[in-house]
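Engineer: My structure is stored as my_file27.cif, with mmCIF, C-alpha atoms.
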data_coords
loop_
_atom_site.group_PDB
_atom_site.id
_atom_site.type_symbol
_atom_site.label_atom_id
_atom_site.label_comp_id
_atom_site.auth_asym_id
_atom_site.auth_seq_id
_atom_site.Cartn_x
_atom_site.Cartn_y
_atom_site.Cartn_z
ATOM 1 C CA MET A 1380 4.842 -4.222 -17.283
ATOM 2 C CA LYS A 1381 2.242 -6.785 -16.259
ATOM 3 C CA SER A 1382 -1.108 -5.733 -14.884
ATOM 4 C CA LEU A 1383 -3.337 -7.843 -12.685
ATOM 5 C CA GLN A 1384 -7.063 -7.344 -12.448
ATOM 6 C CA PRO A 1385 -8.014 -5.464 -9.255
ATOM 7 C CA ARG A 1386 -9.749 -7.203 -6.407
ATOM 8 C CA ALA A 1387 -10.115 -6.101 -2.826
ATOM 9 C CA GLY A 1388 -8.459 -9.325 -1.635
ATOM 10 C CA ILE A 1389 -5.127 -10.833 -2.626
ATOM 11 C CA LEU A 1390 -3.868 -10.724 -6.212
ATOM 12 C CA LEU A 1391 -4.355 -14.445 -6.656
ATOM 13 C CA THR A 1392 -5.976 -16.786 -4.172
ATOM 14 C CA SER A 1393 -3.885 -18.631 -1.619
ATOM 15 C CA ALA A 1394 -5.354 -21.884 -2.898
ATOM 16 C CA ALA A 1395 -4.055 -21.152 -6.387
ATOM 17 C CA PHE A 1396 -0.559 -20.526 -5.077
ATOM 18 C CA VAL A 1397 -0.652 -23.670 -2.933
ATOM 19 C CA LEU A 1398 -1.474 -25.710 -6.022
ATOM 20 C CA ALA A 1399 1.342 -24.052 -7.950
ATOM 21 C CA LEU A 1400 3.790 -24.724 -5.152
ATOM 22 C CA SER A 1401 2.634 -28.324 -4.779
ATOM 23 C CA PHE A 1402 3.230 -29.045 -8.449
ATOM 24 C CA GLY A 1403 6.980 -29.105 -7.995
ATOM 25 C CA ALA A 1404 7.260 -29.790 -4.299
ATOM 26 C CA THR A 1405 9.053 -33.109 -4.695
ATOM 27 C CA GLN A 1406 11.714 -31.467 -6.870
ATOM 28 C CA ALA A 1407 13.038 -29.096 -4.217
ATOM 29 C CA GLN A 1408 13.616 -30.573 -0.784
ATOM 30 C CA GLU A 1409 16.651 -28.484 0.141
ATOM 31 C CA LYS A 1410 15.750 -26.080 2.946
ATOM 32 C CA LYS A 1411 15.169 -22.554 1.656
ATOM 33 C CA THR A 1412 14.837 -19.394 3.713
ATOM 34 C CA ILE A 1413 12.581 -16.490 2.785
ATOM 35 C CA ALA A 1414 12.989 -13.390 4.949
ATOM 36 C CA VAL A 1415 9.984 -11.094 5.109
ATOM 37 C CA SER A 1416 10.715 -7.549 6.308
ATOM 38 C CA ILE A 1417 7.759 -5.213 6.832
ATOM 39 C CA PRO A 1418 6.796 -2.130 8.850
ATOM 40 C CA ALA A 1419 5.172 -2.731 12.210
ATOM 41 C CA ALA A 1420 1.449 -2.051 12.562
ATOM 42 C CA THR A 1421 1.853 1.707 12.958
ATOM 43 C CA HIS A 1422 -1.500 2.415 11.276
ATOM 44 C CA GLY A 1423 -4.473 0.525 9.883
ATOM 45 C CA TRP A 1424 -3.023 -0.409 6.513
ATOM 46 C CA THR A 1425 0.246 -1.763 7.903
ATOM 47 C CA GLY A 1426 -1.792 -3.616 10.516
ATOM 48 C CA GLY A 1427 -3.396 -5.416 7.595
ATOM 49 C CA VAL A 1428 0.037 -6.067 6.073
ATOM 50 C CA VAL A 1429 1.275 -7.702 9.289
ATOM 51 C CA TYR A 1430 -1.878 -9.825 9.503
ATOM 52 C CA HIS A 1431 -1.596 -11.151 5.941
ATOM 53 C CA ALA A 1432 2.164 -11.742 6.220
ATOM 54 C CA GLU A 1433 1.606 -13.828 9.344
ATOM 55 C CA GLN A 1434 -1.063 -15.834 7.533
ATOM 56 C CA ALA A 1435 1.299 -16.510 4.624
ATOM 57 C CA GLU A 1436 4.073 -17.592 6.987
ATOM 58 C CA LYS A 1437 1.806 -20.122 8.725
ATOM 59 C CA GLU A 1438 0.299 -21.489 5.521
ATOM 60 C CA ILE A 1439 3.553 -21.906 3.597
ATOM 61 C CA GLU A 1440 5.492 -23.492 6.455
ATOM 62 C CA ALA A 1441 2.608 -25.868 7.205
ATOM 63 C CA ALA A 1442 2.328 -26.990 3.584
ATOM 64 C CA PHE A 1443 6.010 -26.990 2.585
ATOM 65 C CA PRO A 1444 8.588 -28.146 5.159
ATOM 66 C CA ASN A 1445 11.446 -27.199 2.822
ATOM 67 C CA ILE A 1446 10.588 -23.486 3.130
ATOM 68 C CA ASP A 1447 11.363 -21.456 6.234
ATOM 69 C CA VAL A 1448 9.663 -18.033 6.344
ATOM 70 C CA VAL A 1449 11.315 -15.592 8.764
ATOM 71 C CA LEU A 1450 9.093 -12.613 9.505
ATOM 72 C CA SER A 1451 10.490 -9.363 10.902
ATOM 73 C CA THR A 1452 8.684 -6.088 11.651
ATOM 74 C CA ALA A 1453 10.201 -2.653 12.249
ATOM 75 C CA SER A 1454 8.805 0.591 13.639
ATOM 76 C CA SER A 1455 11.103 2.902 11.652
ATOM 77 C CA ALA A 1456 13.415 2.930 8.644
ATOM 78 C CA PRO A 1457 16.601 2.722 10.778
ATOM 79 C CA ALA A 1458 15.098 -0.188 12.714
ATOM 80 C CA GLN A 1459 14.318 -1.980 9.454
ATOM 81 C CA VAL A 1460 17.875 -1.429 8.209
ATOM 82 C CA SER A 1461 19.241 -2.872 11.467
ATOM 83 C CA SER A 1462 16.881 -5.834 11.215
ATOM 84 C CA LEU A 1463 18.020 -6.580 7.670
ATOM 85 C CA GLU A 1464 21.656 -6.472 8.737
ATOM 86 C CA ASP A 1465 20.943 -8.968 11.530
ATOM 87 C CA LEU A 1466 19.040 -11.299 9.200
ATOM 88 C CA ALA A 1467 21.809 -11.273 6.595
ATOM 89 C CA ALA A 1468 24.500 -11.834 9.223
ATOM 90 C CA THR A 1469 22.825 -14.781 10.961
ATOM 91 C CA ARG A 1470 21.514 -16.901 8.075
ATOM 92 C CA LYS A 1471 21.682 -17.522 4.352
ATOM 93 C CA LEU A 1472 18.749 -15.735 2.718
ATOM 94 C CA ASP A 1473 17.516 -17.368 -0.470
ATOM 95 C CA ALA A 1474 14.898 -14.654 -0.927
ATOM 96 C CA LEU A 1475 13.853 -11.399 0.683
ATOM 97 C CA VAL A 1476 10.319 -10.054 0.522
ATOM 98 C CA ILE A 1477 10.366 -6.470 1.728
ATOM 99 C CA LEU A 1478 7.903 -3.664 2.122
ATOM 100 C CA PRO A 1479 10.349 -0.797 2.736
ATOM 101 C CA PHE A 1480 9.548 1.643 5.514
ATOM 102 C CA THR A 1481 10.934 4.355 3.240
ATOM 103 C CA SER A 1482 12.310 3.948 -0.264
ATOM 104 C CA GLU A 1483 15.556 5.904 -0.097
ATOM 105 C CA GLU A 1484 16.871 4.602 3.231
ATOM 106 C CA LEU A 1485 16.229 0.944 2.384
ATOM 107 C CA THR A 1486 17.566 0.847 -1.181
ATOM 108 C CA SER A 1487 21.258 0.490 -0.321
ATOM 109 C CA PRO A 1488 20.779 -2.145 2.434
ATOM 110 C CA VAL A 1489 18.604 -4.256 0.134
ATOM 111 C CA GLU A 1490 21.137 -3.894 -2.679
ATOM 112 C CA GLN A 1491 23.846 -5.262 -0.379
ATOM 113 C CA ILE A 1492 21.716 -8.318 0.376
ATOM 114 C CA LYS A 1493 21.064 -8.865 -3.332
ATOM 115 C CA GLN A 1494 24.827 -9.018 -3.941
ATOM 116 C CA ASN A 1495 24.844 -12.269 -1.936
ATOM 117 C CA GLY A 1496 22.641 -13.889 -4.575
ATOM 118 C CA THR A 1497 19.355 -13.300 -2.720
ATOM 119 C CA PHE A 1498 16.171 -13.031 -4.803
ATOM 120 C CA ILE A 1499 14.571 -9.647 -4.023
ATOM 121 C CA SER A 1500 10.799 -9.111 -3.979
ATOM 122 C CA VAL A 1501 9.627 -5.584 -3.180
ATOM 123 C CA VAL A 1502 6.065 -4.784 -2.202
ATOM 124 C CA ASP A 1503 4.205 -1.477 -2.333
ATOM 125 C CA ARG A 1504 6.961 1.083 -1.680
ATOM 126 C CA GLY A 1505 9.399 0.613 -4.540
ATOM 127 C CA LEU A 1506 13.129 1.130 -4.097
ATOM 128 C CA THR A 1507 14.748 4.222 -5.588
ATOM 129 C CA ASP A 1508 16.799 1.902 -7.820
ATOM 130 C CA PRO A 1509 14.282 -0.432 -9.509
ATOM 131 C CA SER A 1510 17.087 -2.617 -10.897
ATOM 132 C CA VAL A 1511 17.529 -4.086 -7.397
ATOM 133 C CA GLN A 1512 14.024 -5.573 -7.580
ATOM 134 C CA ASP A 1513 13.589 -9.026 -9.141
ATOM 135 C CA LEU A 1514 9.859 -8.899 -8.431
ATOM 136 C CA TYR A 1515 7.675 -5.886 -7.663
ATOM 137 C CA VAL A 1516 4.080 -6.150 -6.463
ATOM 138 C CA ALA A 1517 2.055 -3.008 -5.802
ATOM 139 C CA GLY A 1518 -1.031 -1.031 -6.579
ATOM 140 C CA ASP A 1519 -1.089 1.416 -9.474
ATOM 141 C CA ASN A 1520 -0.412 4.505 -7.402
ATOM 142 C CA ILE A 1521 -0.466 6.934 -10.313
ATOM 143 C CA ALA A 1522 -3.954 5.674 -11.115
ATOM 144 C CA VAL A 1523 -4.984 6.021 -7.449
ATOM 145 C CA GLY A 1524 -4.203 9.733 -7.650
ATOM 146 C CA ALA A 1525 -5.372 10.330 -11.204
ATOM 147 C CA ASN A 1526 -8.711 8.536 -10.878
ATOM 148 C CA THR A 1527 -9.501 10.376 -7.659
ATOM 149 C CA ALA A 1528 -8.565 13.707 -9.263
ATOM 150 C CA ARG A 1529 -10.717 13.101 -12.348
ATOM 151 C CA TRP A 1530 -13.730 12.390 -10.174
ATOM 152 C CA LEU A 1531 -13.079 15.500 -8.095
ATOM 153 C CA VAL A 1532 -12.591 17.698 -11.168
ATOM 154 C CA ASP A 1533 -15.939 16.541 -12.503
ATOM 155 C CA LYS A 1534 -17.760 17.191 -9.225
ATOM 156 C CA LEU A 1535 -16.182 20.637 -8.719
ATOM 157 C CA GLY A 1536 -16.763 21.668 -12.312
ATOM 158 C CA GLY A 1537 -13.054 22.132 -12.919
ATOM 159 C CA GLU A 1538 -12.547 24.984 -10.443
ATOM 160 C CA GLY A 1539 -12.169 25.551 -6.730
ATOM 161 C CA GLU A 1540 -9.628 25.489 -3.915
ATOM 162 C CA ILE A 1541 -8.373 22.297 -2.283
ATOM 163 C CA VAL A 1542 -5.779 21.034 0.194
ATOM 164 C CA VAL A 1543 -3.788 17.801 0.014
ATOM 165 C CA LEU A 1544 -2.177 15.566 2.642
ATOM 166 C CA ARG A 1545 0.838 13.476 1.644
ATOM 167 C CA GLY A 1546 2.013 10.255 3.288
ATOM 168 C CA ILE A 1547 5.615 9.192 3.974
ATOM 169 C CA PRO A 1548 8.417 10.190 1.554
ATOM 170 C CA THR A 1549 8.356 7.108 -0.673
ATOM 171 C CA VAL A 1550 8.072 6.218 -4.332
ATOM 172 C CA ILE A 1551 4.385 5.344 -3.958
ATOM 173 C CA ASP A 1552 3.561 8.664 -2.308
ATOM 174 C CA ASP A 1553 5.394 10.470 -5.120
ATOM 175 C CA GLU A 1554 3.407 8.481 -7.676
ATOM 176 C CA ARG A 1555 0.049 9.178 -6.039
ATOM 177 C CA ILE A 1556 0.797 12.885 -5.855
ATOM 178 C CA LYS A 1557 1.982 12.954 -9.469
ATOM 179 C CA GLY A 1558 -1.139 11.192 -10.724
ATOM 180 C CA PHE A 1559 -3.354 13.594 -8.799
ATOM 181 C CA SER A 1560 -1.420 16.792 -9.518
ATOM 182 C CA ASP A 1561 -1.048 16.148 -13.260
ATOM 183 C CA VAL A 1562 -4.830 15.969 -13.616
ATOM 184 C CA ILE A 1563 -5.486 18.990 -11.375
ATOM 185 C CA ALA A 1564 -2.888 21.054 -13.293
ATOM 186 C CA GLN A 1565 -5.093 20.909 -16.392
ATOM 187 C CA THR A 1566 -7.964 22.657 -14.576
ATOM 188 C CA LYS A 1567 -8.688 25.882 -12.709
ATOM 189 C CA ILE A 1568 -8.569 24.075 -9.372
ATOM 190 C CA LYS A 1569 -5.926 25.531 -7.037
ATOM 191 C CA ILE A 1570 -4.030 23.401 -4.521
ATOM 192 C CA LEU A 1571 -3.764 25.749 -1.541
ATOM 193 C CA ASP A 1572 -1.407 23.574 0.478
ATOM 194 C CA ILE A 1573 0.224 20.153 0.377
ATOM 195 C CA GLN A 1574 2.183 18.708 3.317
ATOM 196 C CA TYR A 1575 3.185 15.351 4.801
ATOM 197 C CA ALA A 1576 1.105 13.706 7.534
ATOM 198 C CA ASN A 1577 2.949 10.363 7.382
ATOM 199 C CA TRP A 1578 -0.147 8.189 6.771
ATOM 200 C CA ASN A 1579 -1.031 8.760 10.406
ATOM 201 C CA GLN A 1580 -4.500 9.630 11.685
ATOM 202 C CA ASP A 1581 -3.323 11.828 14.576
ATOM 203 C CA GLU A 1582 -0.833 13.750 12.442
ATOM 204 C CA ALA A 1583 -3.484 14.229 9.763
ATOM 205 C CA PHE A 1584 -5.880 15.593 12.387
ATOM 206 C CA LYS A 1585 -3.298 18.187 13.477
ATOM 207 C CA LEU A 1586 -2.347 19.117 9.900
ATOM 208 C CA MET A 1587 -5.989 19.513 8.924
ATOM 209 C CA GLN A 1588 -6.520 21.750 11.945
ATOM 210 C CA ASP A 1589 -3.697 23.938 10.621
ATOM 211 C CA TYR A 1590 -5.261 23.995 7.151
ATOM 212 C CA LEU A 1591 -8.644 24.959 8.579
ATOM 213 C CA ALA A 1592 -7.130 27.800 10.602
ATOM 214 C CA LYS A 1593 -5.123 29.058 7.638
ATOM 215 C CA TYR A 1594 -7.758 28.847 4.884
ATOM 216 C CA PRO A 1595 -11.277 30.219 5.482
ATOM 217 C CA LYS A 1596 -12.593 28.522 2.345
ATOM 218 C CA ILE A 1597 -11.718 24.997 1.217
ATOM 219 C CA ASP A 1598 -13.813 23.195 -1.379
ATOM 220 C CA ALA A 1599 -12.307 19.733 -0.980
ATOM 221 C CA VAL A 1600 -9.565 17.702 0.716
ATOM 222 C CA TRP A 1601 -7.578 14.781 -0.612
ATOM 223 C CA ALA A 1602 -5.727 12.683 1.962
ATOM 224 C CA ASN A 1603 -4.015 10.023 -0.125
ATOM 225 C CA ASP A 1604 -4.645 7.333 2.493
ATOM 226 C CA ASP A 1605 -7.741 6.395 4.517
ATOM 227 C CA ASP A 1606 -5.970 6.489 7.889
ATOM 228 C CA MET A 1607 -5.247 10.160 7.266
ATOM 229 C CA LEU A 1608 -8.779 10.686 5.984
ATOM 230 C CA LEU A 1609 -10.226 9.662 9.352
ATOM 231 C CA GLY A 1610 -8.114 12.350 11.029
ATOM 232 C CA VAL A 1611 -9.192 14.890 8.415
ATOM 233 C CA LEU A 1612 -12.871 14.146 8.958
ATOM 234 C CA GLU A 1613 -12.470 14.443 12.713
ATOM 235 C CA ALA A 1614 -10.809 17.849 12.347
ATOM 236 C CA ILE A 1615 -13.494 19.129 9.966
ATOM 237 C CA ASP A 1616 -16.306 17.981 12.232
ATOM 238 C CA SER A 1617 -14.624 19.390 15.344
ATOM 239 C CA ALA A 1618 -14.291 22.775 13.639
ATOM 240 C CA GLY A 1619 -17.855 22.675 12.361
ATOM 241 C CA ARG A 1620 -16.738 23.622 8.851
ATOM 242 C CA LYS A 1621 -19.525 23.331 6.273
ATOM 243 C CA ASP A 1622 -17.688 24.710 3.202
ATOM 244 C CA ILE A 1623 -15.826 21.467 2.468
ATOM 245 C CA LYS A 1624 -17.873 19.560 -0.098
ATOM 246 C CA TYR A 1625 -15.672 16.491 -0.387
ATOM 247 C CA ALA A 1626 -13.078 14.767 1.809
ATOM 248 C CA LEU A 1627 -11.487 11.841 -0.027
ATOM 249 C CA GLY A 1628 -8.852 9.267 0.815
ATOM 250 C CA GLY A 1629 -7.719 5.975 -0.689
ATOM 251 C CA ASN A 1630 -6.779 2.341 0.134
ATOM 252 C CA GLY A 1631 -10.282 0.981 0.751
ATOM 253 C CA MET A 1632 -10.288 0.863 4.566
ATOM 254 C CA LYS A 1633 -13.458 -0.863 5.715
ATOM 255 C CA GLN A 1634 -14.619 2.154 7.761
ATOM 256 C CA VAL A 1635 -14.398 4.291 4.616
ATOM 257 C CA ILE A 1636 -16.069 1.641 2.455
ATOM 258 C CA GLU A 1637 -18.939 1.725 4.951
ATOM 259 C CA LYS A 1638 -19.307 5.453 4.252
ATOM 260 C CA VAL A 1639 -19.309 4.793 0.515
ATOM 261 C CA LYS A 1640 -21.882 2.013 0.876
ATOM 262 C CA ALA A 1641 -24.099 4.353 2.895
ATOM 263 C CA GLY A 1642 -23.925 7.057 0.217
ATOM 264 C CA ASP A 1643 -22.044 9.545 2.386
ATOM 265 C CA GLU A 1644 -22.200 12.908 0.585
ATOM 266 C CA ARG A 1645 -18.761 14.068 1.746
ATOM 267 C CA THR A 1646 -16.932 10.771 1.180
ATOM 268 C CA PRO A 1647 -18.803 9.032 -1.656
ATOM 269 C CA ILE A 1648 -15.823 7.239 -3.265
ATOM 270 C CA SER A 1649 -12.543 5.504 -2.477
ATOM 271 C CA THR A 1650 -9.897 3.488 -4.344
ATOM 272 C CA PRO A 1651 -8.605 -0.021 -3.492
ATOM 273 C CA TYR A 1652 -5.096 -0.734 -2.260
ATOM 274 C CA PRO A 1653 -5.287 -4.057 -0.387
ATOM 275 C CA PRO A 1654 -2.647 -4.838 2.257
ATOM 276 C CA SER A 1655 -3.046 -8.507 1.298
ATOM 277 C CA MET A 1656 -0.693 -7.830 -1.629
ATOM 278 C CA ILE A 1657 2.119 -8.824 0.795
ATOM 279 C CA LYS A 1658 0.663 -12.310 0.985
ATOM 280 C CA SER A 1659 0.602 -12.625 -2.783
ATOM 281 C CA ALA A 1660 4.224 -11.506 -3.010
ATOM 282 C CA ILE A 1661 5.340 -14.114 -0.464
ATOM 283 C CA TYR A 1662 3.549 -16.886 -2.362
ATOM 284 C CA MET A 1663 4.906 -15.666 -5.691
ATOM 285 C CA THR A 1664 8.418 -15.678 -4.249
ATOM 286 C CA ALA A 1665 8.051 -19.111 -2.662
ATOM 287 C CA SER A 1666 6.878 -20.757 -5.885
ATOM 288 C CA GLN A 1667 10.423 -20.796 -7.326
ATOM 289 C CA PHE A 1668 11.613 -23.069 -4.514
ATOM 290 C CA ASN A 1669 9.244 -25.844 -5.517
ATOM 291 C CA GLY A 1670 10.069 -26.425 -9.145
ATOM 292 C CA GLN A 1671 8.506 -23.310 -10.667
ATOM 293 C CA ALA A 1672 10.332 -20.707 -12.732
ATOM 294 C CA PRO A 1673 10.942 -17.503 -10.711
ATOM 295 C CA MET A 1674 8.257 -14.875 -11.212
ATOM 296 C CA ARG A 1675 9.960 -11.653 -12.261
ATOM 297 C CA GLY A 1676 8.886 -8.180 -13.297
ATOM 298 C CA SER A 1677 6.216 -5.777 -12.057
ATOM 299 C CA PHE A 1678 2.697 -6.762 -11.127
ATOM 300 C CA LEU A 1679 0.301 -3.880 -10.535
ATOM 301 C CA LEU A 1680 -3.258 -3.853 -9.275
ATOM 302 C CA GLY A 1681 -5.678 -1.489 -10.962
ATOM 303 C CA ALA A 1682 -7.314 1.367 -9.071
ATOM 304 C CA PRO A 1683 -10.962 1.621 -10.095
ATOM 305 C CA LEU A 1684 -13.163 3.992 -8.165
ATOM 306 C CA ILE A 1685 -15.091 2.332 -5.358
ATOM 307 C CA THR A 1686 -18.645 3.674 -5.503
ATOM 308 C CA PRO A 1687 -21.960 2.714 -3.881
ATOM 309 C CA ASP A 1688 -22.643 0.528 -6.923
ATOM 310 C CA ASN A 1689 -19.581 -1.725 -6.471
ATOM 311 C CA ALA A 1690 -18.614 -1.177 -2.811
ATOM 312 C CA ASP A 1691 -19.759 -4.656 -1.733
ATOM 313 C CA GLN A 1692 -16.956 -6.175 -3.849
ATOM 314 C CA PHE A 1693 -14.362 -4.352 -1.761
ATOM 315 C CA TYR A 1694 -15.922 -4.698 1.695
ATOM 316 C CA PHE A 1695 -14.579 -7.312 4.107
ATOM 317 C CA PRO A 1696 -15.998 -6.670 7.598
ATOM 318 C CA ASP A 1697 -13.763 -9.277 9.268
ATOM 319 C CA SER A 1698 -10.559 -7.831 7.810
ATOM 320 C CA PRO A 1699 -8.200 -5.907 10.135
ATOM 321 C CA PHE A 1700 -8.247 -3.081 7.585
#
What's the structure tokens form of this structure?

Structural biologist:
Amino acid sequence: MKSLQPRAGILLTSAAFVLALSFGATQAQEKKTIAVSIPAATHGWTGGVVYHAEQAEKEIEAAFPNIDVVLSTASSAPAQVSSLEDLAATRKLDALVILPFTSEELTSPVEQIKQNGTFISVVDRGLTDPSVQDLYVAGDNIAVGANTARWLVDKLGGEGEIVVLRGIPTVIDDERIKGFSDVIAQTKIKILDIQYANWNQDEAFKLMQDYLAKYPKIDAVWANDDDMLLGVLEAIDSAGRKDIKYALGGNGMKQVIEKVKAGDERTPISTPYPPSMIKSAIYMTASQFNGQAPMRGSFLLGAPLITPDNADQFYFPDSPF
């Protein structure tokens, strides 16, 4: 497995990919179609995904007339399946770059497209059958959970009572929870409750309200995504609860990075998970259609803790996320 050094922007710069594409541009003038299938902007992180995918589409088509990028968004897993079926039925797909809405529901439809000879690039939420993926680009989700847990264990002295909010049933959510839970299991910290809030701020607010009503004492909260963290913080503040020492998230949303930069006592850390990874995957996929060898295998970003000391490296105020 290949590992790329973490950065709060894209894996490699757009300029670097443009140069790589240009190197063999004259060798591949036959029109090639890359379909890009992603979730709609249902929360902050996917809003960033849509933004960076649109940027990649514009840049690649402007620079390379032999590549047609077809971008499709979907608001649910069934809608994404239907969109894929339409794309495959109406055009020849040389490559598909997909960020699955959910892993299980999208695995079979993507496998059917692969059987037509389509190159498959999967971003972020891996398929349940990894053999379908020619290229996989994502963050190191186990490290996201484990690094957060290690920090929390240290701050709580290895004991206490916490609650956890999960995202959407996907491979990456499973990995984050595994990384976190494996570390916590080696301590005296008790996970009081762990439920799905679908990486949604409003749902996280309601779930945290339930947790607060159910548990009179909570030492810390881990919402494995910053959208959910915002809902958690709102619920805690609305209830006036003072027992919760730490409320942590992940993904490096700029609003959360601002808290880290300011030295917020309750949210003093985060972990990076840039939505711009979709842009890198599109460029990496496109490179094979301009004389480059196809990029295959898994490329993972690291997940170092974002602290007040390094927060400036991960803070992009003009970013949509």

Engineer: Given all atoms listed in the file as the basis, pick out the residue of A:Glu1483, A:Glu1540, A:Glu1554, A:Asp1616 nearest to A:Lys1596.

Structural biologist: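 Looking only at the distances to A:Lys1596, the closest residue turns out to be A:Glu1540.
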
Engineer: Using all atoms listed in the file, list the residues that have an atom at most 12 Å from (-2.9, 7.2, 10.5), coordinates as in the file, as a ChimeraX atom specification.

Structural biologist: /A:1420-1426,1544-1547,1575-1586,1602-1611,1628,1632,1700

Engineer: Take atom CA of A:Pro1651 and atom CA of A:Ser1500 and report the distance between them in Å, one decimal.

Structural biologist: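 Distance reported for this atom pair: 21.4 Å.
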
Engineer: For the provided coordinates, the residues matched by the PyMOL selection byres ((chain A and resi 1431-1437) around 10) should be stated as a PyMOL selection string.

Structural biologist: chain A and resi 1389+1393+1413+1415-1417+1425-1430+1438-1442+1446-1451+1654-1662+1698-1699

Engineer: Using the chain letters and residue numbers of this document, give as number ranges by chain the residues selected by the PyMOL selection byres ((chain A and resi 1563) around 12).

Structural biologist: A: 1524-1533, 1535-1543, 1556-1562, 1564-1570, 1601

Engineer: Would you mind telling me which residue in A:Met1674, A:Ile1648, A:Met1587, A:Ala1690 lies nearest to A:Ile1499 when using only C-alpha atoms?

Structural biologist: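 Ranking A:Met1674, A:Ile1648, A:Met1587, A:Ala1690 by distance to A:Ile1499, first place goes to A:Met1674.
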
Engineer: To test your reading of the syntax: which residues would the PyMOL selection byres ((chain A and resi 1694) around 12) return for the file shown? Reply as a PyMOL selection string.

Structural biologist: chain A and resi 1386-1388+1630-1640+1649-1651+1653+1685-1687+1689-1693+1695-1700

Engineer: Would you compute, for all listed atoms of stretch 1537-1553 of chain A, the axis-aligned bounding box grown by 8 Å on each side, and then report its centre and edge lengths in Å rounded to one decimal, as AutoDock Vina command-line options?

Structural biologist:
--center_x -2.3 --center_y 15.4 --center_z -4.5 --size_x 37.5 --size_y 36.2 --size_z 32.9

Engineer: Using all atoms listed in the file, which residue out of A:Leu1571, A:Leu1506, A:Leu1612, A:Val1489 lies closest to A:Tyr1594?

Structural biologist: A:Leu1571

Engineer: For the atom pair atom CA of A:Arg1645 and atom CA of A:Gly1681, what is the interatomic distance in Å to one decimal place?

Structural biologist: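 Between these atoms lies a distance of 24.0 Å.
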
Engineer: If you measure from atom CA of A:Asn1495 to atom CA of A:Pro1509, what distance in Å do you get, rounded to one decimal?

Structural biologist: 17.6 Å

Engineer: Identify which of the residues A:Val1523, A:Ala1682, A:Gln1574, A:Gly1518 lies closest to A:Gly1505, counting only C-alpha atoms when measuring atom-to-atom distances.

Structural biologist: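 Of all the options, A:Gly1518 lies closest to A:Gly1505.
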
Engineer: Ranking A:Leu1627, A:Leu1679, A:Ala1522, A:Val1600 by minimum distance to A:Val1501 and counting all atoms listed in the file, which one comes first?

Structural biologist: A:Leu1679

Engineer: Between A:Ile1492, A:Val1516, A:Ala1665, A:Leu1684, single out the one closest to A:Lys1410, counting only C-alpha atoms.

Structural biologist: A:Ala1665
